[in-house]
Each structure stands twice: as structure tokens, then as C-alpha cells.
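entry11.cif (mmCIF, C-alpha atoms) appears below.
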data_upload
loop_
_atom_site.group_PDB
_atom_site.id
_atom_site.type_symbol
_atom_site.label_atom_id
_atom_site.label_comp_id
_atom_site.auth_asym_id
_atom_site.auth_seq_id
_atom_site.Cartn_x
_atom_site.Cartn_y
_atom_site.Cartn_z
ATOM 1 C CA MET A 1 88.119 128.095 87.757
ATOM 2 C CA THR A 2 84.370 128.475 88.298
ATOM 3 C CA ALA A 3 82.122 125.503 89.009
ATOM 4 C CA THR A 4 80.264 126.031 85.729
ATOM 5 C CA ARG A 5 83.503 126.054 83.743
ATOM 6 C CA ARG A 6 84.667 122.878 85.484
ATOM 7 C CA THR A 7 81.361 121.166 84.732
ATOM 8 C CA GLN A 8 81.659 122.200 81.080
ATOM 9 C CA LEU A 9 85.200 120.805 80.920
ATOM 10 C CA LEU A 10 84.138 117.571 82.595
ATOM 11 C CA ASN A 11 81.203 117.201 80.204
ATOM 12 C CA GLY A 12 83.563 117.770 77.260
ATOM 13 C CA LEU A 13 86.041 115.220 78.626
ATOM 14 C CA THR A 14 83.243 112.707 79.216
ATOM 15 C CA LEU A 15 81.954 113.106 75.686
ATOM 16 C CA GLY A 16 85.502 112.841 74.334
ATOM 17 C CA SER A 17 86.099 109.650 76.343
ATOM 18 C CA VAL A 18 82.917 108.043 75.054
ATOM 19 C CA LEU A 19 83.919 108.865 71.465
ATOM 20 C CA LEU A 20 87.467 107.598 72.032
ATOM 21 C CA PHE A 21 86.090 104.385 73.562
ATOM 22 C CA ILE A 22 83.883 103.789 70.517
ATOM 23 C CA VAL A 23 86.665 104.586 68.019
ATOM 24 C CA ALA A 24 89.248 102.489 69.925
ATOM 25 C CA ASN A 25 86.943 99.478 69.877
ATOM 26 C CA LEU A 26 85.973 99.910 66.234
ATOM 27 C CA MET A 27 89.667 100.217 65.405
ATOM 28 C CA ALA A 28 90.497 97.046 67.362
ATOM 29 C CA PHE A 29 87.839 95.089 65.476
ATOM 30 C CA ALA A 30 88.363 96.463 61.990
ATOM 31 C CA TYR A 31 91.714 98.162 61.439
ATOM 32 C CA PRO A 32 94.618 95.745 62.110
ATOM 33 C CA GLY A 33 93.232 92.648 60.395
ATOM 34 C CA GLN A 34 93.176 89.154 61.860
ATOM 35 C CA GLU A 35 96.328 87.695 63.407
ATOM 36 C CA GLN A 36 97.133 84.411 61.625
ATOM 37 C CA THR A 37 98.086 82.090 64.500
ATOM 38 C CA MET A 38 95.783 83.166 67.325
ATOM 39 C CA GLY A 39 92.815 84.346 65.278
ATOM 40 C CA GLN A 40 90.225 86.787 66.644
ATOM 41 C CA VAL A 41 91.224 86.390 70.301
ATOM 42 C CA GLN A 42 94.414 88.365 69.641
ATOM 43 C CA ARG A 43 92.189 91.478 69.483
ATOM 44 C CA ILE A 44 91.814 91.186 73.257
ATOM 45 C CA PHE A 45 95.355 92.563 73.486
ATOM 46 C CA TYR A 46 94.112 96.034 72.612
ATOM 47 C CA ILE A 47 91.785 96.289 75.597
ATOM 48 C CA HIS A 48 94.206 94.265 77.766
ATOM 49 C CA LEU A 49 97.109 96.657 77.157
ATOM 50 C CA GLY A 50 94.936 99.781 77.151
ATOM 51 C CA SER A 51 93.367 98.958 80.509
ATOM 52 C CA PHE A 52 96.754 98.069 82.034
ATOM 53 C CA PHE A 53 98.322 101.386 81.025
ATOM 54 C CA ALA A 54 95.245 103.273 82.219
ATOM 55 C CA ALA A 55 95.358 101.400 85.550
ATOM 56 C CA THR A 56 99.051 102.274 85.868
ATOM 57 C CA LEU A 57 98.191 105.936 85.246
ATOM 58 C CA ALA A 58 95.527 105.794 87.965
ATOM 59 C CA PHE A 59 98.026 104.228 90.398
ATOM 60 C CA ILE A 60 100.571 106.963 89.539
ATOM 61 C CA VAL A 61 97.862 109.486 90.483
ATOM 62 C CA THR A 62 97.548 107.641 93.811
ATOM 63 C CA VAL A 63 101.299 108.007 94.386
ATOM 64 C CA LEU A 64 101.197 111.724 93.537
ATOM 65 C CA GLY A 65 98.095 112.255 95.689
ATOM 66 C CA GLY A 66 99.726 110.388 98.582
ATOM 67 C CA ILE A 67 102.966 112.394 98.406
ATOM 68 C CA ALA A 68 101.018 115.664 98.093
ATOM 69 C CA TYR A 69 98.884 114.752 101.130
ATOM 70 C CA LEU A 70 101.923 113.866 103.250
ATOM 71 C CA ARG A 71 103.493 117.211 102.371
ATOM 72 C CA THR A 72 100.444 119.469 102.721
ATOM 73 C CA ARG A 73 97.986 117.460 104.902
ATOM 74 C CA ASN A 74 95.221 118.750 102.636
ATOM 75 C CA PRO A 75 92.426 116.084 102.550
ATOM 76 C CA LYS A 76 91.665 116.778 98.868
ATOM 77 C CA TRP A 77 94.923 114.984 97.937
ATOM 78 C CA ASP A 78 93.847 111.934 99.880
ATOM 79 C CA VAL A 79 90.552 111.948 97.972
ATOM 80 C CA LEU A 80 92.535 112.029 94.724
ATOM 81 C CA ALA A 81 94.724 109.114 95.862
ATOM 82 C CA HIS A 82 91.676 107.106 96.950
ATOM 83 C CA SER A 83 89.962 107.753 93.608
ATOM 84 C CA GLY A 84 93.088 106.563 91.786
ATOM 85 C CA VAL A 85 92.941 103.231 93.581
ATOM 86 C CA GLU A 86 89.236 102.726 92.847
ATOM 87 C CA ILE A 87 89.635 103.421 89.142
ATOM 88 C CA GLY A 88 92.977 101.601 88.869
ATOM 89 C CA LEU A 89 91.644 98.515 90.589
ATOM 90 C CA ALA A 90 88.641 98.299 88.252
ATOM 91 C CA LEU A 91 90.871 98.729 85.197
ATOM 92 C CA SER A 92 93.401 96.163 86.402
ATOM 93 C CA THR A 93 90.470 93.777 86.877
ATOM 94 C CA VAL A 94 89.751 94.314 83.165
ATOM 95 C CA THR A 95 93.420 93.545 82.411
ATOM 96 C CA THR A 96 93.388 90.350 84.475
ATOM 97 C CA VAL A 97 90.057 89.058 83.194
ATOM 98 C CA THR A 98 90.813 89.749 79.521
ATOM 99 C CA GLY A 99 94.254 88.164 79.960
ATOM 100 C CA ALA A 100 92.684 85.024 81.415
ATOM 101 C CA ILE A 101 90.159 84.793 78.562
ATOM 102 C CA TRP A 102 92.990 85.187 76.009
ATOM 103 C CA ALA A 103 95.122 82.580 77.807
ATOM 104 C CA LYS A 104 92.511 79.814 77.603
ATOM 105 C CA PRO A 105 92.844 79.064 73.854
ATOM 106 C CA ILE A 106 96.521 80.094 73.667
ATOM 107 C CA TRP A 107 97.985 78.523 76.826
ATOM 108 C CA GLY A 108 95.221 75.953 77.377
ATOM 109 C CA THR A 109 94.367 77.369 80.806
ATOM 110 C CA TYR A 110 92.776 80.498 82.231
ATOM 111 C CA TRP A 111 95.421 80.888 84.889
ATOM 112 C CA THR A 112 98.908 79.661 85.659
ATOM 113 C CA TRP A 113 101.362 80.839 88.324
ATOM 114 C CA ASP A 114 103.686 82.361 85.761
ATOM 115 C CA PRO A 115 105.839 85.173 87.287
ATOM 116 C CA ARG A 116 103.912 87.909 85.418
ATOM 117 C CA LEU A 117 100.529 86.520 86.411
ATOM 118 C CA THR A 118 101.693 86.105 89.984
ATOM 119 C CA THR A 119 102.881 89.718 90.178
ATOM 120 C CA ILE A 120 99.640 91.091 88.722
ATOM 121 C CA ALA A 121 97.704 89.025 91.270
ATOM 122 C CA ILE A 122 99.908 90.524 94.027
ATOM 123 C CA MET A 123 99.309 93.993 92.580
ATOM 124 C CA TRP A 124 95.545 93.513 92.474
ATOM 125 C CA LEU A 125 95.418 92.166 96.032
ATOM 126 C CA THR A 126 97.670 94.986 97.287
ATOM 127 C CA TYR A 127 95.290 97.635 95.971
ATOM 128 C CA ALA A 128 92.167 95.736 97.037
ATOM 129 C CA ALA A 129 93.688 95.631 100.546
ATOM 130 C CA TYR A 130 94.142 99.433 100.367
ATOM 131 C CA LEU A 131 90.367 99.871 100.060
ATOM 132 C CA PHE A 132 89.591 97.422 102.869
ATOM 133 C CA LEU A 133 92.263 98.780 105.214
ATOM 134 C CA ARG A 134 90.994 102.343 104.768
ATOM 135 C CA GLN A 135 87.635 101.229 106.114
ATOM 136 C CA ALA A 136 89.304 99.726 109.184
ATOM 137 C CA ILE A 137 90.727 103.032 110.493
ATOM 138 C CA ASP A 138 88.199 105.310 112.191
ATOM 139 C CA ASN A 139 90.382 108.340 112.849
ATOM 140 C CA PRO A 140 90.286 110.408 109.598
ATOM 141 C CA ASP A 141 93.792 111.880 109.974
ATOM 142 C CA GLN A 142 95.311 108.525 110.802
ATOM 143 C CA ARG A 143 93.421 106.932 107.902
ATOM 144 C CA ARG A 144 94.657 109.525 105.415
ATOM 145 C CA ARG A 145 98.251 109.273 106.637
ATOM 146 C CA PHE A 146 98.220 105.489 106.515
ATOM 147 C CA ALA A 147 96.534 105.407 103.087
ATOM 148 C CA SER A 148 99.037 107.894 101.648
ATOM 149 C CA VAL A 149 102.062 105.898 102.759
ATOM 150 C CA TYR A 150 100.424 102.626 101.686
ATOM 151 C CA GLY A 151 99.457 104.060 98.285
ATOM 152 C CA VAL A 152 103.031 105.178 97.612
ATOM 153 C CA LEU A 153 104.557 101.850 98.688
ATOM 154 C CA ALA A 154 101.929 99.803 96.811
ATOM 155 C CA PHE A 155 103.237 101.200 93.540
ATOM 156 C CA GLY A 156 106.195 98.844 93.984
ATOM 157 C CA SER A 157 103.844 96.022 92.930
ATOM 158 C CA VAL A 158 103.084 97.871 89.652
ATOM 159 C CA ILE A 159 106.794 98.325 88.912
ATOM 160 C CA LEU A 160 107.384 94.656 89.683
ATOM 161 C CA THR A 161 104.588 93.660 87.270
ATOM 162 C CA ILE A 162 106.093 95.770 84.469
ATOM 163 C CA VAL A 163 109.673 94.675 85.053
ATOM 164 C CA ILE A 164 109.169 90.957 85.684
ATOM 165 C CA VAL A 165 108.744 89.957 82.009
ATOM 166 C CA ARG A 166 111.988 91.731 81.207
ATOM 167 C CA VAL A 167 114.164 90.137 83.849
ATOM 168 C CA ARG A 168 112.874 86.617 84.434
ATOM 169 C CA PRO A 169 113.899 84.126 81.726
ATOM 170 C CA ASP A 170 111.099 81.650 82.545
ATOM 171 C CA VAL A 171 107.963 83.731 81.883
ATOM 172 C CA ILE A 172 105.449 82.495 79.355
ATOM 173 C CA HIS A 173 103.635 85.849 79.189
ATOM 174 C CA PRO A 174 104.622 87.541 75.900
ATOM 175 C CA THR A 175 106.349 90.922 75.866
ATOM 176 C CA VAL A 176 104.534 92.961 73.260
ATOM 177 C CA ALA A 177 106.969 95.888 73.266
ATOM 178 C CA GLY A 178 110.517 96.363 74.475
ATOM 179 C CA PRO A 179 113.299 93.916 75.328
ATOM 180 C CA THR A 180 112.707 90.515 76.910
ATOM 181 C CA THR A 181 114.895 87.822 78.434
ATOM 182 C CA SER A 182 112.314 85.074 78.012
ATOM 183 C CA GLY A 183 112.558 82.449 75.318
ATOM 184 C CA ASP A 184 109.493 80.569 76.561
ATOM 185 C CA ALA A 185 106.834 83.186 75.791
ATOM 186 C CA LEU A 186 103.669 81.712 74.287
ATOM 187 C CA GLY A 187 101.392 83.908 72.184
ATOM 188 C CA SER A 188 103.918 86.458 70.953
ATOM 189 C CA PHE A 189 103.103 88.169 67.681
ATOM 190 C CA ASN A 190 104.802 90.548 65.313
ATOM 191 C CA MET A 191 103.710 94.147 65.687
ATOM 192 C CA THR A 192 102.738 95.202 62.196
ATOM 193 C CA PRO A 193 102.381 98.987 61.784
ATOM 194 C CA ARG A 194 98.578 98.676 61.947
ATOM 195 C CA ILE A 195 98.705 96.582 65.123
ATOM 196 C CA ALA A 196 101.140 99.057 66.695
ATOM 197 C CA GLN A 197 98.910 102.017 65.768
ATOM 198 C CA THR A 198 95.846 100.277 67.212
ATOM 199 C CA VAL A 199 97.707 99.381 70.419
ATOM 200 C CA LEU A 200 98.894 102.979 70.864
ATOM 201 C CA PHE A 201 95.467 104.435 70.108
ATOM 202 C CA ASN A 202 93.809 102.074 72.589
ATOM 203 C CA ILE A 203 96.367 102.949 75.280
ATOM 204 C CA PHE A 204 95.699 106.653 74.679
ATOM 205 C CA ALA A 205 91.902 106.144 74.687
ATOM 206 C CA TYR A 206 91.862 104.162 77.938
ATOM 207 C CA CYS A 207 94.167 106.684 79.627
ATOM 208 C CA VAL A 208 91.755 109.513 78.703
ATOM 209 C CA ILE A 209 88.843 107.393 79.964
ATOM 210 C CA ALA A 210 90.717 106.836 83.246
ATOM 211 C CA VAL A 211 91.217 110.606 83.641
ATOM 212 C CA ALA A 212 87.499 111.235 83.003
ATOM 213 C CA LEU A 213 86.506 108.549 85.510
ATOM 214 C CA LEU A 214 88.938 109.962 88.068
ATOM 215 C CA TRP A 215 87.436 113.414 87.665
ATOM 216 C CA HIS A 216 83.886 112.082 88.072
ATOM 217 C CA ARG A 217 84.969 110.160 91.161
ATOM 218 C CA LEU A 218 86.534 113.320 92.609
ATOM 219 C CA ARG A 219 83.417 115.345 91.927
ATOM 220 C CA LEU A 220 81.377 112.676 93.684
ATOM 221 C CA GLU A 221 83.547 113.027 96.786
ATOM 222 C CA GLU A 222 83.367 116.845 96.678
ATOM 223 C CA GLU A 223 79.581 116.658 96.456
ATOM 224 C CA ALA A 224 79.442 114.167 99.345
ATOM 225 C CA GLU A 225 81.567 116.474 101.518
ATOM 226 C CA ALA A 226 79.462 119.521 100.630
ATOM 227 C CA LEU A 227 76.323 117.575 101.537
ATOM 228 C CA GLN A 228 77.829 116.531 104.879
ATOM 229 C CA VAL A 229 78.507 120.180 105.693
ATOM 230 C CA ARG A 230 74.970 121.150 104.730
ATOM 231 C CA LYS A 231 73.552 118.321 106.853
ATOM 232 C CA ALA A 232 75.600 119.424 109.864
ATOM 233 C CA GLU A 233 74.420 123.025 109.401
ATOM 234 C CA ALA A 234 70.789 121.935 109.017
ATOM 235 C CA LEU A 235 70.966 119.753 112.138
ATOM 236 C CA GLY A 236 72.481 122.664 114.040
ATOM 237 C CA ARG A 237 69.520 124.869 113.074
ATOM 238 C CA LEU A 238 66.818 122.285 113.933
ATOM 239 C CA MET B 1 92.265 78.800 65.048
ATOM 240 C CA ASP B 2 88.620 79.717 65.703
ATOM 241 C CA THR B 3 88.730 81.958 68.758
ATOM 242 C CA LEU B 4 85.851 84.308 67.981
ATOM 243 C CA THR B 5 83.839 83.185 71.027
ATOM 244 C CA ASP B 6 86.818 83.857 73.305
ATOM 245 C CA MET B 7 87.220 87.341 71.869
ATOM 246 C CA ILE B 8 83.525 88.115 72.339
ATOM 247 C CA THR B 9 83.615 86.770 75.922
ATOM 248 C CA GLY B 10 86.695 88.857 76.720
ATOM 249 C CA TYR B 11 85.236 92.077 75.372
ATOM 250 C CA ALA B 12 81.838 91.403 76.964
ATOM 251 C CA LEU B 13 83.417 90.915 80.391
ATOM 252 C CA ALA B 14 85.583 94.013 79.954
ATOM 253 C CA TYR B 15 82.533 96.112 79.015
ATOM 254 C CA LEU B 16 80.674 94.669 81.999
ATOM 255 C CA ILE B 17 83.439 95.692 84.433
ATOM 256 C CA ILE B 18 83.837 99.181 82.956
ATOM 257 C CA GLY B 19 80.037 99.555 82.816
ATOM 258 C CA GLY B 20 79.836 98.455 86.454
ATOM 259 C CA LEU B 21 82.363 101.113 87.467
ATOM 260 C CA VAL B 22 80.487 103.840 85.574
ATOM 261 C CA ALA B 23 77.150 102.627 87.013
ATOM 262 C CA SER B 24 78.584 102.638 90.535
ATOM 263 C CA ILE B 25 79.739 106.254 90.184
ATOM 264 C CA TRP B 26 76.402 107.285 88.637
ATOM 265 C CA TRP B 27 74.422 105.428 91.336
ATOM 266 C CA ARG B 28 76.322 107.149 94.142
ATOM 267 C CA TRP B 29 75.874 110.506 92.395
ATOM 268 C CA ARG B 30 72.148 109.889 92.148
ATOM 269 C CA GLY B 31 72.007 108.966 95.844
ATOM 270 C CA LEU B 32 73.753 112.201 96.779
ATOM 271 C CA LYS B 33 71.368 114.249 94.667
ATOM 272 C CA ALA B 34 68.385 112.501 96.293
ATOM 273 C CA ASP B 35 69.850 113.255 99.753
ATOM 274 C CA ALA B 36 70.354 116.884 98.744
ATOM 275 C CA ARG B 37 66.716 117.123 97.650
ATOM 276 C CA VAL B 38 65.493 115.697 100.982
ATOM 277 C CA LEU B 39 67.705 118.171 102.823
ATOM 278 C CA GLU B 40 66.343 121.073 100.783
ATOM 279 C CA GLN B 41 62.809 119.904 101.569
ATOM 280 C CA LEU B 42 63.599 119.710 105.282
ATOM 281 C CA GLU B 43 65.157 123.158 105.236
ATOM 282 C CA ALA B 44 62.153 124.563 103.405
ATOM 283 C CA ASN B 45 59.806 122.940 105.937
ATOM 284 C CA ALA B 46 61.828 124.332 108.828
ATOM 285 C CA GLU B 47 61.737 127.792 107.348
ATOM 286 C CA ASN B 48 57.971 127.612 106.934
ATOM 287 C CA GLY B 49 57.516 126.511 110.533
ATOM 288 C CA LEU B 50 56.446 123.002 109.567
ATOM 289 C CA GLU B 51 59.096 121.109 111.549
ATOM 290 C CA ALA B 52 56.453 118.932 113.173
ATOM 291 C CA ASN B 53 55.504 117.446 109.792
ATOM 292 C CA SER B 54 59.070 116.853 108.591
ATOM 293 C CA PRO B 55 60.073 113.218 107.881
ATOM 294 C CA ARG B 56 63.031 113.447 110.314
ATOM 295 C CA LYS B 57 60.766 114.449 113.186
ATOM 296 C CA SER B 58 58.271 111.670 112.579
ATOM 297 C CA GLN B 59 61.061 109.118 112.109
ATOM 298 C CA ASN B 60 62.613 110.136 115.418
ATOM 299 C CA THR B 61 59.294 109.751 117.156
ATOM 300 C CA GLN B 62 58.851 106.256 115.768
ATOM 301 C CA ALA B 63 62.418 105.250 116.601
ATOM 302 C CA ASP B 64 62.110 106.189 120.275
ATOM 303 C CA PRO B 65 58.855 104.873 121.836
ATOM 304 C CA ALA B 66 59.802 106.223 125.277
ATOM 305 C CA GLN B 67 59.975 109.726 123.868
ATOM 306 C CA ALA B 68 56.667 109.189 122.092
ATOM 307 C CA ARG B 69 55.007 108.276 125.404
#
If you took the structure in this file and wrote it as C-alpha cells, what would it be?
Amino acid sequence: MTATRRTQLLNGLTLGSVLLFIVANLMAFAYPGQEQTMGQVQRIFYIHLGSFFAATLAFIVTVLGGIAYLRTRNPKWDVLAHSGVEIGLALSTVTTVTGAIWAKPIWGTYWTWDPRLTTIAIMWLTYAAYLFLRQAIDNPDQRRRFASVYGVLAFGSVILTIVIVRVRPDVIHPTVAGPTTSGDALGSFNMTPRIAQTVLFNIFAYCVIAVALLWHRLRLEEEAEALQVRKAEALGRL
Amino acid sequence: MDTLTDMITGYALAYLIIGGLVASIWWRWRGLKADARVLEQLEANAENGLEANSPRKSQNTQADPAQAR
């Protein structure tokens, strides 16, 4: 694929993401109606769930990038894995912050050491550590190898976060979809067809946004590498 | 339950974080483009035999007083 074609595709994806973001938010505010018990704050669920799924997608990209790097030793896969962590971490910050804001009126506190909240905190810290630890290794090959293995193993914290509400009976975090073992969940609500459609649309929209952001982040790295090469060549000539 | 303020706060913070991420990518992109422009300028100067007037040369001279002497 030529550079021009790639730029055109990226521009199209960017435009599409912006439109999806606008529509997803308009839908969240206007389409499903107001939930009776929680009121307006329930609408936070749409961005909360959307950003979590998009973050999970970005972390899956990190796993795939890490495995591909370990198999091929091609640095471009490490760049992809690194980009996945950057985007995923930002989106999981959105998940955590919106969850805390929702929890205040519903649970009476921004934060509690509920199993689900504890696992998402572990997940966030695990990926934040990935970024810091990368900086600590000077040797590029060693850094890429370490980051690939770490990125693959770190995904365990994502799985734990997803599974915890389905296996622990003492969680207060509601399970919006799928089976649950908890009878103590606070803030559960019935998924009317309109709510379900809005949730699904928001998940789709944020996943597309994550892909667009990942692509931009990759392009940034490619440009930085190309510039480094040009700088080295220019210094060699001077 | 009146939770409109909480909803607005939640969405505002989410937009702020996503906006921050987009701004960070854009800012770094802009920095790279600025670096590329400086490099092009330096290359053009070198080609025209104006190395002595290039910013890198003058910066090096300022950074090393011993060399300047």
C-alpha cells in the first residue's frame, strides 16, 4: 500500500471516528431515555463500558504485537504493542474515572476496595508500570524483548478484571451483561432494548476510535524513526 | 434522584482525558514536523555552502567555549 493511500485511509478512519464519537454521545444523551432509579448519571455507563471495551481491544493489540515481535524480532511489532498500551491506558483511565463519578451518588463513595475495583486498579498500575519500565532499559533489543513478554503477561490483569464479577459472590459492582454470582450488586438496571442498542453502539464507536488512535500513534513512531535516520545521515554529511 | 451534575462531571472528565490523548499525539506530531523542517533547512544550507551560518554550528560554538577560543 502506498503512503498516499494509507494517509487517505487514515484520514477516512479519523473522520469516521469523529462522527461515531458524536453520534454515540448524542445517542447516549437522547435515545435510551432516563433510568428511573439512578437518573441521569446512569448515562455514564455508555462511555464507561465503551472505553473499557476499547481499552481491552488496545491491550489485545499489545498481546498480538508482543507475540509477533518475539517470533519475528521485527521492531515494528514492538511499536504496535507499545502504542496499544498508551491508548489502552488512557481509555482505562476514562473507565476508572467515569466509574468513580457514577459510584459517588449510587454507592455513596468514589472508591471502595470492591474486588472489581481492586482488579481494575491492578490492571491500570500493571500497564502504567509497562511504560515506566520500558524507559528504564537502555538496550533497545533487551527493552523490546522485556516489553513483549511483559505486555503478554499483563493481559492476565484484564482477564481477571472481566472475570472477577462473574466468580466472586461479594462484589458490589453490577454486571451489565452476562451471568453473575453476586447478589450484592448496587446500581444494576434492566437492559431495555434501547439501552442495549446504545451500549452496543457506544462499544463499537469507542473500539473504532481506539483503532484510529492506534494508527495515529503508529504513524507518529514511523515518522520519528524516519527523522532519526535522516538526522543520522545529515550528521554524517556535515 | 437528581444526578445531572454527576453525569456532566463524568462526561466532562472523560472528554478531557480523551482530548488530552489526542492533543498529546498531535503535539508530538507537530514537534516532529518542526524538527523535519529544521533538518531540511540545515541540509539546504549545507548544500549551498552556508554551513558556517547554520544554527547547529553556532550552537556548538556557544556550547564549547574552549573550541571558540
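Every protein or nucleic acid residue with an atom no more than 6 Å from stretch 46-54 of chain A, counting only C-alpha atoms and leaving out same-chain residues fewer than 5 positions away, appears here: A:Leu91, A:Ser92, A:Thr95, A:Thr98, A:Val199, A:Asn202, A:Ile203, A:Tyr206, A:Cys207, A:Ala210.
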Inset, instruction - Could you list the residues chosen by the PyMOL selection byres ((chain B) within 6 of (chain A)) in this structure as an MDAnalysis selection string? - result: chainID B and resid 1 3:4 6:7 10 14
Inset, instruction - Could you jot down the atom CA of A:Ala3 to atom CA of A:Ile67 separation for me, Å, one decimal place? - result: 26.4 Å
Legend entry - Computed interatomic separation between atom CA of A:Thr4 and atom CA of A:Leu57 (Å):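 Result for atom CA of A:Thr4 versus atom CA of A:Leu57: 26.9 Å, one decimal.
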Inset, instruction - Would you kindly translate the PyMOL selection byres ((chain A and resi 150) around 10) into the concrete residues it picks from this file, as a PyMOL selection string? - result: chain A and resi 62-63+66+126-127+129-130+133-134+144-149+151-155
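Compared by their closest atoms to A:Leu89, and using all atoms listed in the file, the residues A:Leu13, A:Met1, A:Ala58, A:Ala212 rank with A:Ala58 nearest.
Atom CA of A:Arg194 sits 27.9 Å away from atom CA of B:Gly19.
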Inset, instruction - Please evaluate the PyMOL selection byres ((chain A and resi 113) around 12) against the structure above and give the resulting residues as number ranges by chain. - result: A: 100, 109-112, 114-122, 170-173
Legend entry - Which residue of A:Thr72, A:Leu200, A:Glu225, A:Ile60 approaches A:Gly84 most closely, using all atoms listed in the file: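 Result for the nearest residue to A:Gly84: A:Ile60.
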Using the structure block above, produce a file of stretch 97-159 of chain A that contains C-alpha atoms, as a PDB file, in the first residue's frame.
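Result saved to decode30.pdb:
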ATOM      1  CA  VAL A  97     -12.747   7.943  36.371  1.00  0.00           C
ATOM      2  CA  THR A  98     -16.277   7.648  34.958  1.00  0.00           C
ATOM      3  CA  GLY A  99     -16.904   4.645  37.225  1.00  0.00           C
ATOM      4  CA  ALA A 100     -15.825   6.646  40.270  1.00  0.00           C
ATOM      5  CA  ILE A 101     -18.069   9.581  39.313  1.00  0.00           C
ATOM      6  CA  TRP A 102     -21.025   7.185  38.849  1.00  0.00           C
ATOM      7  CA  ALA A 103     -20.285   5.456  42.171  1.00  0.00           C
ATOM      8  CA  LYS A 104     -20.499   8.636  44.258  1.00  0.00           C
ATOM      9  CA  PRO A 105     -24.306   9.094  44.116  1.00  0.00           C
ATOM     10  CA  ILE A 106     -25.046   5.358  43.787  1.00  0.00           C
ATOM     11  CA  TRP A 107     -22.654   3.810  46.331  1.00  0.00           C
ATOM     12  CA  GLY A 108     -22.073   6.969  48.387  1.00  0.00           C
ATOM     13  CA  THR A 109     -18.325   6.908  47.718  1.00  0.00           C
ATOM     14  CA  TYR A 110     -15.989   7.478  44.791  1.00  0.00           C
ATOM     15  CA  TRP A 111     -13.923   4.422  45.570  1.00  0.00           C
ATOM     16  CA  THR A 112     -14.170   1.239  47.585  1.00  0.00           C
ATOM     17  CA  TRP A 113     -11.897  -1.818  47.582  1.00  0.00           C
ATOM     18  CA  ASP A 114     -14.524  -3.988  45.947  1.00  0.00           C
ATOM     19  CA  PRO A 115     -12.942  -6.953  44.053  1.00  0.00           C
ATOM     20  CA  ARG A 116     -13.766  -5.439  40.630  1.00  0.00           C
ATOM     21  CA  LEU A 117     -12.389  -2.031  41.554  1.00  0.00           C
ATOM     22  CA  THR A 118      -9.302  -3.626  43.043  1.00  0.00           C
ATOM     23  CA  THR A 119      -8.628  -5.636  39.880  1.00  0.00           C
ATOM     24  CA  ILE A 120      -9.059  -2.612  37.605  1.00  0.00           C
ATOM     25  CA  ALA A 121      -6.638  -0.685  39.827  1.00  0.00           C
ATOM     26  CA  ILE A 122      -4.159  -3.591  39.493  1.00  0.00           C
ATOM     27  CA  MET A 123      -4.708  -3.589  35.727  1.00  0.00           C
ATOM     28  CA  TRP A 124      -4.117   0.150  35.446  1.00  0.00           C
ATOM     29  CA  LEU A 125      -0.963   0.012  37.573  1.00  0.00           C
ATOM     30  CA  THR A 126       0.340  -3.005  35.625  1.00  0.00           C
ATOM     31  CA  TYR A 127       0.123  -1.126  32.333  1.00  0.00           C
ATOM     32  CA  ALA A 128       1.410   2.139  33.810  1.00  0.00           C
ATOM     33  CA  ALA A 129       4.424   0.139  35.056  1.00  0.00           C
ATOM     34  CA  TYR A 130       4.934  -1.150  31.483  1.00  0.00           C
ATOM     35  CA  LEU A 131       5.523   2.419  30.277  1.00  0.00           C
ATOM     36  CA  PHE A 132       7.871   3.280  33.147  1.00  0.00           C
ATOM     37  CA  LEU A 133       9.829   0.024  32.935  1.00  0.00           C
ATOM     38  CA  ARG A 134      10.398   0.485  29.197  1.00  0.00           C
ATOM     39  CA  GLN A 135      12.162   3.750  29.951  1.00  0.00           C
ATOM     40  CA  ALA A 136      14.440   2.003  32.447  1.00  0.00           C
ATOM     41  CA  ILE A 137      16.068  -0.340  29.893  1.00  0.00           C
ATOM     42  CA  ASP A 138      18.688   1.282  27.664  1.00  0.00           C
ATOM     43  CA  ASN A 139      19.478  -1.621  25.357  1.00  0.00           C
ATOM     44  CA  PRO A 140      16.813  -1.487  22.577  1.00  0.00           C
ATOM     45  CA  ASP A 141      16.737  -5.252  21.932  1.00  0.00           C
ATOM     46  CA  GLN A 142      16.524  -6.064  25.612  1.00  0.00           C
ATOM     47  CA  ARG A 143      13.823  -3.413  26.060  1.00  0.00           C
ATOM     48  CA  ARG A 144      11.715  -4.802  23.219  1.00  0.00           C
ATOM     49  CA  ARG A 145      12.077  -8.386  24.438  1.00  0.00           C
ATOM     50  CA  PHE A 146      11.194  -7.458  28.000  1.00  0.00           C
ATOM     51  CA  ALA A 147       8.254  -5.270  26.921  1.00  0.00           C
ATOM     52  CA  SER A 148       6.860  -8.017  24.676  1.00  0.00           C
ATOM     53  CA  VAL A 149       6.880 -10.634  27.419  1.00  0.00           C
ATOM     54  CA  TYR A 150       5.529  -8.130  29.958  1.00  0.00           C
ATOM     55  CA  GLY A 151       2.774  -6.988  27.578  1.00  0.00           C
ATOM     56  CA  VAL A 152       1.608 -10.568  27.027  1.00  0.00           C
ATOM     57  CA  LEU A 153       1.636 -11.432  30.744  1.00  0.00           C
ATOM     58  CA  ALA A 154      -0.025  -8.133  31.734  1.00  0.00           C
ATOM     59  CA  PHE A 155      -3.141  -9.186  29.852  1.00  0.00           C
ATOM     60  CA  GLY A 156      -3.819 -11.548  32.761  1.00  0.00           C
ATOM     61  CA  SER A 157      -4.910  -8.467  34.741  1.00  0.00           C
ATOM     62  CA  VAL A 158      -7.507  -7.640  32.037  1.00  0.00           C
ATOM     63  CA  ILE A 159      -8.901 -11.185  32.126  1.00  0.00           C
TER      64      ILE A 159
END
